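Text of the file query14.txt, holding compact mmCIF, C-alpha atoms:
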# COMPACT_ATOMS: atom_id res chain seq x y z
CA MET A 1 -19.39 -6.60 -17.29
CA HIS A 2 -17.71 -3.61 -15.68
CA PRO A 3 -18.52 -0.27 -17.32
CA LEU A 4 -14.78 0.46 -17.71
CA PRO A 5 -13.91 -1.50 -20.84
CA ARG A 6 -10.46 -2.78 -19.81
CA ALA A 7 -11.40 -3.90 -16.29
CA LEU A 8 -10.40 -7.37 -15.15
CA PRO A 9 -13.26 -9.88 -14.89
CA ASP A 10 -15.56 -9.59 -11.87
CA GLU A 11 -14.05 -12.72 -10.35
CA ALA A 12 -10.66 -10.98 -10.12
CA LEU A 13 -12.11 -7.72 -8.75
CA ASP A 14 -13.99 -9.71 -6.11
CA ARG A 15 -10.91 -11.72 -5.14
CA LEU A 16 -8.70 -8.65 -4.86
CA PHE A 17 -11.11 -6.23 -3.22
CA ARG A 18 -14.85 -6.73 -3.11
CA THR A 19 -15.19 -10.07 -1.34
CA ALA A 20 -11.65 -10.29 0.09
CA ARG A 21 -11.47 -10.20 3.87
CA SER A 22 -8.86 -9.97 6.61
CA TYR A 23 -8.83 -13.39 8.25
CA ASN A 24 -8.45 -14.24 11.92
CA GLY A 25 -7.98 -17.96 11.22
CA TYR A 26 -6.95 -20.27 8.40
CA THR A 27 -7.59 -23.77 7.07
CA ASP A 28 -5.04 -26.55 7.63
CA GLU A 29 -3.64 -26.07 4.14
CA GLY A 30 0.12 -25.58 4.36
CA VAL A 31 1.61 -22.33 3.05
CA GLY A 32 5.38 -22.41 2.75
CA GLU A 33 8.40 -21.03 0.99
CA ASP A 34 7.08 -21.57 -2.53
CA ALA A 35 4.18 -19.26 -1.68
CA PHE A 36 6.47 -16.69 -0.01
CA ARG A 37 8.63 -16.61 -3.13
CA ALA A 38 5.60 -16.36 -5.43
CA ILE A 39 4.29 -13.38 -3.42
CA TRP A 40 7.67 -11.62 -3.59
CA ASP A 41 7.91 -12.33 -7.32
CA LEU A 42 4.72 -10.31 -7.79
CA MET A 43 4.99 -7.61 -5.13
CA ARG A 44 8.52 -6.60 -6.06
CA TRP A 45 7.16 -5.05 -9.28
CA GLY A 46 4.98 -2.58 -7.40
CA PRO A 47 6.27 1.01 -7.61
CA THR A 48 8.34 2.69 -4.88
CA SER A 49 9.85 6.17 -5.04
CA ALA A 50 13.20 6.02 -6.88
CA ASN A 51 12.90 2.22 -6.75
CA GLN A 52 13.82 2.32 -3.06
CA LEU A 53 12.34 -1.08 -2.22
CA PRO A 54 12.93 -0.41 1.49
CA ALA A 55 10.85 -3.38 2.75
CA ARG A 56 12.76 -6.19 4.45
CA LEU A 57 10.58 -9.24 4.96
CA VAL A 58 10.83 -12.06 7.45
CA TRP A 59 8.50 -14.97 6.72
CA VAL A 60 7.84 -16.57 10.09
CA ALA A 61 6.98 -20.22 9.47
CA SER A 62 8.76 -22.44 12.05
CA ASP A 63 7.16 -23.21 15.39
CA GLU A 64 10.10 -21.62 17.17
CA ALA A 65 9.89 -18.36 15.23
CA LYS A 66 6.10 -18.22 15.61
CA ALA A 67 6.44 -18.54 19.39
CA LYS A 68 9.05 -15.77 19.42
CA LEU A 69 6.82 -13.45 17.39
CA ALA A 70 3.64 -14.33 19.29
CA ALA A 71 5.38 -13.33 22.53
CA CYS A 72 5.70 -9.78 21.12
CA ALA A 73 2.02 -9.47 20.15
CA SER A 74 -0.87 -7.85 22.01
CA GLY A 75 -4.23 -9.29 23.05
CA THR A 76 -5.60 -11.94 20.71
CA ASN A 77 -2.85 -11.47 18.12
CA GLY A 78 -0.45 -13.96 19.75
CA PRO A 79 -2.81 -16.95 19.40
CA LYS A 80 -3.56 -15.90 15.79
CA ILE A 81 0.17 -15.98 14.97
CA LEU A 82 0.62 -19.38 16.60
CA ALA A 83 -2.32 -20.84 14.67
CA ALA A 84 -1.61 -19.32 11.24
CA PRO A 85 0.46 -21.24 8.66
CA ALA A 86 2.85 -18.26 8.53
CA THR A 87 3.15 -14.61 9.52
CA VAL A 88 5.21 -12.09 7.58
CA ILE A 89 7.04 -9.26 9.31
CA VAL A 90 7.20 -6.18 7.08
CA GLY A 91 10.34 -4.36 8.15
CA MET A 92 11.78 -1.17 6.67
CA ASP A 93 15.42 -0.39 6.09
CA LEU A 94 16.18 3.14 7.30
CA ASP A 95 19.39 2.97 5.26
CA PHE A 96 17.75 1.83 2.03
CA HIS A 97 19.70 4.54 0.21
CA GLU A 98 22.85 2.40 0.41
CA HIS A 99 21.29 0.14 -2.25
CA LEU A 100 20.28 2.90 -4.67
CA PRO A 101 23.46 2.81 -6.78
CA GLU A 102 22.27 -0.66 -7.81
CA LEU A 103 18.48 -0.18 -7.72
CA PHE A 104 18.41 3.26 -9.40
CA PRO A 105 21.61 3.10 -11.41
CA HIS A 106 21.24 5.96 -13.90
CA THR A 107 21.92 8.74 -11.39
CA ASP A 108 23.35 9.17 -7.90
CA ALA A 109 20.04 8.92 -6.04
CA LYS A 110 21.84 8.10 -2.81
CA LEU A 111 22.66 11.81 -2.55
CA TRP A 112 18.93 12.64 -2.38
CA PHE A 113 18.56 10.82 0.92
CA GLY A 114 21.34 12.21 3.07
CA ASP A 115 18.90 13.63 5.62
CA GLU A 116 18.09 11.02 8.26
CA GLU A 117 14.59 12.25 9.10
CA ALA A 118 13.53 12.58 5.44
CA ARG A 119 14.91 9.09 4.84
CA ARG A 120 12.85 7.69 7.73
CA VAL A 121 9.65 9.19 6.28
CA SER A 122 10.49 7.81 2.85
CA ALA A 123 11.30 4.33 4.21
CA PHE A 124 8.02 4.27 6.15
CA ARG A 125 5.91 5.41 3.18
CA ASN A 126 7.50 3.11 0.63
CA ALA A 127 7.77 0.00 2.83
CA THR A 128 4.09 0.50 3.67
CA LEU A 129 3.24 0.64 -0.04
CA GLN A 130 5.14 -2.64 -0.40
CA GLY A 131 3.14 -4.09 2.51
CA ALA A 132 -0.07 -3.31 0.63
CA TYR A 133 1.37 -4.86 -2.53
CA LEU A 134 2.08 -7.96 -0.44
CA ILE A 135 -1.55 -8.16 0.71
CA LEU A 136 -2.84 -7.76 -2.85
CA ALA A 137 -0.24 -10.15 -4.31
CA ALA A 138 -1.28 -12.83 -1.80
CA ARG A 139 -4.92 -12.34 -2.78
CA ALA A 140 -4.04 -12.50 -6.48
CA LEU A 141 -2.41 -15.87 -5.77
CA GLY A 142 -5.50 -17.17 -3.96
CA LEU A 143 -4.15 -16.68 -0.43
CA ASP A 144 -5.41 -14.55 2.43
CA THR A 145 -3.83 -12.29 5.02
CA GLY A 146 -4.63 -10.72 8.36
CA ALA A 147 -2.60 -7.53 8.83
CA MET A 148 -1.95 -6.40 12.39
CA SER A 149 -0.47 -3.35 14.14
CA GLY A 150 -1.02 -4.65 17.68
CA PHE A 151 2.46 -5.70 18.80
CA ASP A 152 5.56 -4.33 20.53
CA ALA A 153 7.66 -3.16 17.59
CA ASP A 154 10.83 -2.76 19.67
CA ALA A 155 10.48 -6.36 20.87
CA VAL A 156 10.01 -7.62 17.29
CA ASP A 157 13.04 -5.61 16.20
CA ALA A 158 15.11 -7.19 18.98
CA ALA A 159 13.85 -10.69 18.20
CA PHE A 160 14.16 -10.62 14.39
CA PHE A 161 16.34 -7.70 13.30
CA ALA A 162 19.09 -7.73 15.95
CA ASP A 163 21.68 -8.32 13.21
CA SER A 164 20.40 -5.38 11.14
CA PRO A 165 19.76 -2.55 13.59
CA ARG A 166 18.79 -0.10 10.83
CA VAL A 167 15.75 -2.24 9.99
CA ARG A 168 12.60 -1.48 11.97
CA THR A 169 9.33 -3.40 12.04
CA ASN A 170 6.43 -1.63 10.30
CA PHE A 171 3.54 -4.10 10.51
CA ILE A 172 2.92 -7.84 10.43
CA ALA A 173 0.39 -10.03 8.61
CA THR A 174 -0.72 -13.61 9.06
CA LEU A 175 -0.89 -15.65 5.84
CA GLY A 176 -2.76 -18.75 4.75
CA VAL A 177 -5.96 -19.95 3.11
CA GLY A 178 -8.61 -18.08 5.07
CA ASP A 179 -11.22 -19.90 7.12
CA PRO A 180 -14.57 -18.18 6.41
CA ALA A 181 -15.73 -19.05 9.94
CA SER A 182 -12.99 -16.79 11.37
CA VAL A 183 -14.17 -13.46 9.96
CA PHE A 184 -16.38 -10.93 11.70
CA ASP A 185 -19.20 -8.97 10.12
CA ARG A 186 -17.94 -6.60 7.50
CA LEU A 187 -17.25 -3.04 8.67
CA PRO A 188 -18.77 -0.08 6.83
CA ARG A 189 -17.08 1.44 3.79
CA PRO A 190 -18.46 4.89 2.97
CA ALA A 191 -19.52 5.91 -0.51
CA PHE A 192 -17.33 8.14 -2.70
CA ASP A 193 -18.66 11.50 -1.56
CA ARG A 194 -17.66 11.04 2.08
CA PHE A 195 -13.87 10.98 1.66
CA ASN A 196 -13.39 12.07 -1.97
CA ARG A 197 -13.66 15.33 -3.85
CA VAL A 198 -13.28 16.17 -7.54
CA ALA A 199 -11.42 19.42 -8.25
CA MET B 1 -0.68 -21.99 -15.27
CA HIS B 2 0.68 -20.69 -12.00
CA PRO B 3 1.97 -23.37 -9.62
CA LEU B 4 -0.31 -22.01 -6.86
CA PRO B 5 -3.65 -23.58 -7.74
CA ARG B 6 -5.93 -20.64 -6.87
CA ALA B 7 -3.87 -17.95 -8.59
CA LEU B 8 -5.63 -15.52 -10.91
CA PRO B 9 -4.88 -16.03 -14.62
CA ASP B 10 -1.51 -14.81 -15.90
CA GLU B 11 -3.19 -11.93 -17.71
CA ALA B 12 -4.39 -10.53 -14.37
CA LEU B 13 -1.02 -11.05 -12.62
CA ASP B 14 0.69 -9.27 -15.52
CA ARG B 15 -1.77 -6.38 -15.46
CA LEU B 16 -1.49 -5.90 -11.70
CA PHE B 17 2.23 -6.45 -11.21
CA ARG B 18 4.49 -8.09 -13.77
CA THR B 19 4.03 -5.87 -16.81
CA ALA B 20 2.43 -2.88 -15.08
CA ARG B 21 4.52 0.28 -15.15
CA SER B 22 4.52 3.75 -13.67
CA TYR B 23 3.73 6.08 -16.56
CA ASN B 24 5.14 9.51 -17.31
CA GLY B 25 2.55 10.22 -20.01
CA TYR B 26 -0.89 9.10 -21.12
CA THR B 27 -2.99 8.67 -24.24
CA ASP B 28 -5.71 11.17 -25.10
CA GLU B 29 -8.38 8.90 -23.68
CA GLY B 30 -10.45 10.83 -21.13
CA VAL B 31 -10.52 9.60 -17.55
CA GLY B 32 -13.17 11.26 -15.46
CA GLU B 33 -15.45 10.96 -12.49
CA ASP B 34 -16.87 7.56 -13.42
CA ALA B 35 -13.34 6.15 -13.24
CA PHE B 36 -12.58 7.96 -9.95
CA ARG B 37 -15.72 6.46 -8.44
CA ALA B 38 -14.95 2.99 -9.78
CA ILE B 39 -11.46 3.13 -8.25
CA TRP B 40 -12.87 4.20 -4.87
CA ASP B 41 -15.52 1.46 -5.04
CA LEU B 42 -12.69 -1.10 -5.19
CA MET B 43 -10.00 0.47 -3.01
CA ARG B 44 -12.32 1.21 -0.09
CA TRP B 45 -12.49 -2.56 0.61
CA GLY B 46 -8.75 -2.81 1.27
CA PRO B 47 -7.91 -3.34 4.94
CA THR B 48 -6.85 -0.55 7.31
CA SER B 49 -6.16 -0.90 11.01
CA ALA B 50 -9.46 -0.69 12.95
CA ASN B 51 -11.10 0.35 9.66
CA GLN B 52 -9.54 3.79 10.02
CA LEU B 53 -9.82 4.70 6.34
CA PRO B 54 -7.74 7.85 6.95
CA ALA B 55 -7.17 8.66 3.26
CA ARG B 56 -8.83 11.79 1.93
CA LEU B 57 -8.66 11.99 -1.85
CA VAL B 58 -8.82 14.96 -4.19
CA TRP B 59 -9.18 13.99 -7.84
CA VAL B 60 -7.64 16.86 -9.77
CA ALA B 61 -9.28 16.95 -13.18
CA SER B 62 -10.05 20.55 -14.17
CA ASP B 63 -7.50 22.72 -15.95
CA GLU B 64 -7.60 25.20 -13.10
CA ALA B 65 -6.93 22.58 -10.42
CA LYS B 66 -4.18 20.96 -12.51
CA ALA B 67 -2.41 24.31 -12.82
CA LYS B 68 -2.69 24.87 -9.08
CA LEU B 69 -1.23 21.43 -8.31
CA ALA B 70 1.47 21.63 -10.97
CA ALA B 71 2.71 24.86 -9.40
CA CYS B 72 3.47 22.87 -6.20
CA ALA B 73 5.47 20.15 -7.98
CA SER B 74 9.22 19.75 -8.45
CA GLY B 75 11.26 19.31 -11.60
CA THR B 76 9.46 17.47 -14.41
CA ASN B 77 6.45 16.59 -12.25
CA GLY B 78 4.59 19.83 -13.04
CA PRO B 79 4.41 19.21 -16.80
CA LYS B 80 3.35 15.60 -16.13
CA ILE B 81 0.44 16.81 -14.00
CA LEU B 82 -0.63 19.35 -16.65
CA ALA B 83 -0.57 16.69 -19.38
CA ALA B 84 -2.23 13.81 -17.49
CA PRO B 85 -6.02 13.30 -17.71
CA ALA B 86 -6.13 13.55 -13.90
CA THR B 87 -3.94 13.48 -10.80
CA VAL B 88 -5.13 12.24 -7.43
CA ILE B 89 -3.91 13.76 -4.19
CA VAL B 90 -3.74 11.15 -1.42
CA GLY B 91 -4.25 13.09 1.78
CA MET B 92 -4.42 11.70 5.31
CA ASP B 93 -6.73 12.85 8.08
CA LEU B 94 -4.73 13.21 11.30
CA ASP B 95 -8.07 13.20 13.15
CA PHE B 96 -9.42 10.06 11.50
CA HIS B 97 -10.39 8.80 14.95
CA GLU B 98 -13.38 11.14 15.00
CA HIS B 99 -15.02 8.84 12.44
CA LEU B 100 -14.36 5.55 14.29
CA PRO B 101 -17.68 5.46 16.18
CA GLU B 102 -19.24 5.00 12.75
CA LEU B 103 -16.49 3.02 10.96
CA PHE B 104 -15.67 0.64 13.84
CA PRO B 105 -18.98 0.65 15.70
CA HIS B 106 -18.70 -2.39 17.99
CA THR B 107 -16.32 -0.76 20.48
CA ASP B 108 -15.05 2.69 21.41
CA ALA B 109 -11.96 2.62 19.19
CA LYS B 110 -11.71 6.40 19.31
CA LEU B 111 -10.22 5.97 22.79
CA TRP B 112 -7.26 4.01 21.35
CA PHE B 113 -6.08 7.04 19.40
CA GLY B 114 -5.96 9.80 21.96
CA ASP B 115 -2.21 10.26 21.56
CA GLU B 116 -1.47 12.74 18.78
CA GLU B 117 1.91 11.30 17.74
CA ALA B 118 0.65 7.69 17.66
CA ARG B 119 -2.32 8.88 15.63
CA ARG B 120 -0.06 10.62 13.13
CA VAL B 121 1.95 7.40 12.60
CA SER B 122 -1.25 5.40 12.18
CA ALA B 123 -2.75 7.90 9.72
CA PHE B 124 0.46 7.85 7.66
CA ARG B 125 0.70 4.04 7.59
CA ASN B 126 -2.94 3.41 6.79
CA ALA B 127 -3.43 6.23 4.26
CA THR B 128 -0.32 4.92 2.50
CA LEU B 129 -1.81 1.41 2.38
CA GLN B 130 -4.89 3.01 0.82
CA GLY B 131 -2.66 4.78 -1.72
CA ALA B 132 -1.28 1.41 -2.78
CA TYR B 133 -4.79 -0.01 -3.01
CA LEU B 134 -5.59 2.94 -5.29
CA ILE B 135 -2.67 2.11 -7.60
CA LEU B 136 -3.68 -1.56 -7.78
CA ALA B 137 -7.40 -0.79 -8.14
CA ALA B 138 -6.64 1.50 -11.08
CA ARG B 139 -4.60 -1.26 -12.71
CA ALA B 140 -7.36 -3.81 -12.07
CA LEU B 141 -9.70 -1.46 -13.95
CA GLY B 142 -7.32 -1.15 -16.90
CA LEU B 143 -5.94 2.25 -15.97
CA ASP B 144 -2.40 3.37 -15.15
CA THR B 145 -0.82 5.64 -12.59
CA GLY B 146 2.39 7.52 -11.98
CA ALA B 147 2.93 8.04 -8.25
CA MET B 148 5.14 10.96 -7.20
CA SER B 149 6.71 12.27 -3.99
CA GLY B 150 8.43 15.25 -5.62
CA PHE B 151 6.29 18.20 -4.56
CA ASP B 152 5.94 20.78 -1.80
CA ALA B 153 3.50 19.10 0.57
CA ASP B 154 2.83 22.28 2.57
CA ALA B 155 1.94 24.10 -0.65
CA VAL B 156 -0.44 21.30 -1.71
CA ASP B 157 -2.02 21.37 1.75
CA ALA B 158 -2.54 25.12 1.45
CA ALA B 159 -3.93 24.85 -2.08
CA PHE B 160 -6.28 21.88 -1.58
CA PHE B 161 -6.86 21.25 2.12
CA ALA B 162 -7.13 24.80 3.48
CA ASP B 163 -10.68 24.05 4.67
CA SER B 164 -9.58 20.89 6.50
CA PRO B 165 -6.34 21.78 8.28
CA ARG B 166 -6.06 18.33 9.92
CA VAL B 167 -5.64 16.72 6.48
CA ARG B 168 -2.08 16.54 5.16
CA THR B 169 -0.87 15.49 1.73
CA ASN B 170 0.91 12.11 1.64
CA PHE B 171 1.65 11.53 -2.05
CA ILE B 172 0.12 12.20 -5.46
CA ALA B 173 -0.37 10.07 -8.57
CA THR B 174 -1.19 10.89 -12.17
CA LEU B 175 -3.94 8.75 -13.71
CA GLY B 176 -4.89 7.77 -17.23
CA VAL B 177 -4.40 5.18 -19.93
CA GLY B 178 -0.62 4.90 -20.05
CA ASP B 179 1.35 5.79 -23.18
CA PRO B 180 3.98 3.04 -23.63
CA ALA B 181 6.31 5.59 -25.26
CA SER B 182 6.48 7.49 -21.96
CA VAL B 183 8.12 4.81 -19.81
CA PHE B 184 11.83 4.40 -19.12
CA ASP B 185 13.74 1.13 -19.03
CA ARG B 186 12.62 -1.04 -16.17
CA LEU B 187 14.60 -0.73 -12.96
CA PRO B 188 16.04 -3.84 -11.27
CA ARG B 189 13.96 -5.89 -8.84
CA PRO B 190 16.13 -8.23 -6.78
CA ALA B 191 15.33 -11.89 -6.31
CA PHE B 192 13.79 -13.21 -3.09
CA ASP B 193 16.99 -13.89 -1.16
CA ARG B 194 18.17 -10.29 -1.24
CA PHE B 195 15.47 -8.69 0.93
CA ASN B 196 13.63 -11.73 2.33
CA ARG B 197 14.37 -14.32 4.99
CA VAL B 198 12.42 -17.40 6.13
CA ALA B 199 12.46 -17.96 9.91
Show how you would write the structure in this file as structure tokens.
Amino acid sequence: MHPLPRALPDEALDRLFRTARSYNGYTDEGVGEDAFRAIWDLMRWGPTSANQLPARLVWVASDEAKAKLAACASGTNGPKILAAPATVIVGMDLDFHEHLPELFPHTDAKLWFGDEEARRVSAFRNATLQGAYLILAARALGLDTGAMSGFDADAVDAAFFADSPRVRTNFIATLGVGDPASVFDRLPRPAFDRFNRVA
Amino acid sequence: MHPLPRALPDEALDRLFRTARSYNGYTDEGVGEDAFRAIWDLMRWGPTSANQLPARLVWVASDEAKAKLAACASGTNGPKILAAPATVIVGMDLDFHEHLPELFPHTDAKLWFGDEEARRVSAFRNATLQGAYLILAARALGLDTGAMSGFDADAVDAAFFADSPRVRTNFIATLGVGDPASVFDRLPRPAFDRFNRVA
């Protein structure tokens, strides 16, 4: 039992963090729209500043869309996208503030984000938080991901967000049931004292 | 039972996402260094690009440090920091690449991050992912958080990272056992079709 009395069971902590891995390949098990919707139904509850919810997600599942995305990827990432059951593009809406009258209705939060550069920083931070919620939501549902930054973001924008030019690609992640044979040796994770301080 | 066969039990999905809230106030239950270490021991396993692990965390728990941090906060955030058992500062190391020979030992990944601006973007993205892992790890351990962007980041840098000028504050989050009386009505979370597309 975990020393913190309200901790989830070890099986859940393992699944979410301790034994979870980023996968380079997946089993043949299909992962489709029911899974995409289930992930959204969890991740959407994760907190963003002023309920911005700036992430715009494209779930790439058809052969045609996979080929289009793979053509934008670097090195070994293209073949990984082609082979994975799906890959999700985590985009961010630089004009997320247009939705705040609905998403944050009790005050005029749209006024807080008039400055373009401040809005870009906020969209990046909060869409990235949502990307992490996506990774953890997938794990909570028994699925696995392989997040990647190695791609040409302008090319992905042109291929998938041409109709919404204020949306920019942040990162992408393959999705499926991970194949244990596809993972590398685990990389080091330093103990608390290396990157933490109590004040 | 969840329709996805490997999903964690509903209790875990609720705790992590569906009934979790951002808290404005906490019970009197103490939350100290054992909890900070337990959160790090989970969150450190979350994926970052090339195992960058750029987050640098300061766990603000003493009265003196709380007062120093509260003085940098906007509006109602100062009193929240003073009243919470602890507040964590999620900083990001703009020179994270100096650690890559140890954290990503099988190749010279330090060479990939020679460009200062690209490194800043990568530090921001990956430290933010780690901030989300922190929020979810706390929830998995039965704790609650209240993440905040409303503060003077330069002032927090000066107060807490003066000895490490390449570390910049990203966001902060109060931490404790949430007081249900302190939360507001839940803000809307749109259904899948609003911000998602299948391609």
Subject >> Residues of chain A within 6 Å of chain B, counting only C-alpha atoms, as JSON, numbers by chain >> reply: {"A": [6, 7, 8, 17, 42, 45, 56, 57, 58, 59, 60, 61, 65, 103, 129, 132, 140, 141, 142, 188, 195, 196, 197, 198, 199]}
Subject >> d(CA of Gly75 in chain B, CA of Arg166 in chain B) in Å >> reply: 27.6 Å
Subject >> Computed interatomic separation between CA of Asn24 in chain A and CA of Ala123 in chain A (Å) >> reply: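 Result for CA of Asn24 in chain A versus CA of Ala123 in chain A: 28.2 Å, one decimal.
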**OP:** Can you work out the spacing between CA of Ala153 in chain B and CA of Asp95 in chain A in Å, to one decimal?
**Re:** 23.1 Å
Subject >> Counting only C-alpha atoms, the residue of B:Pro101, B:Gly114, B:Pro165, B:Gly30 that sits nearest Ala83 in chain B >> reply: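 Smallest separation from Ala83 in chain B among the options: B:Gly30.
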**OP:** Can you work out which one of B:Val177, B:Val31, B:Val183, B:Leu69 has the shortest atom-to-atom distance to Asp144 in chain B, counting only C-alpha atoms?
**Re:**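 Of B:Val177, B:Val31, B:Val183, B:Leu69, the one nearest Asp144 in chain B, counting only C-alpha atoms, is B:Val177.
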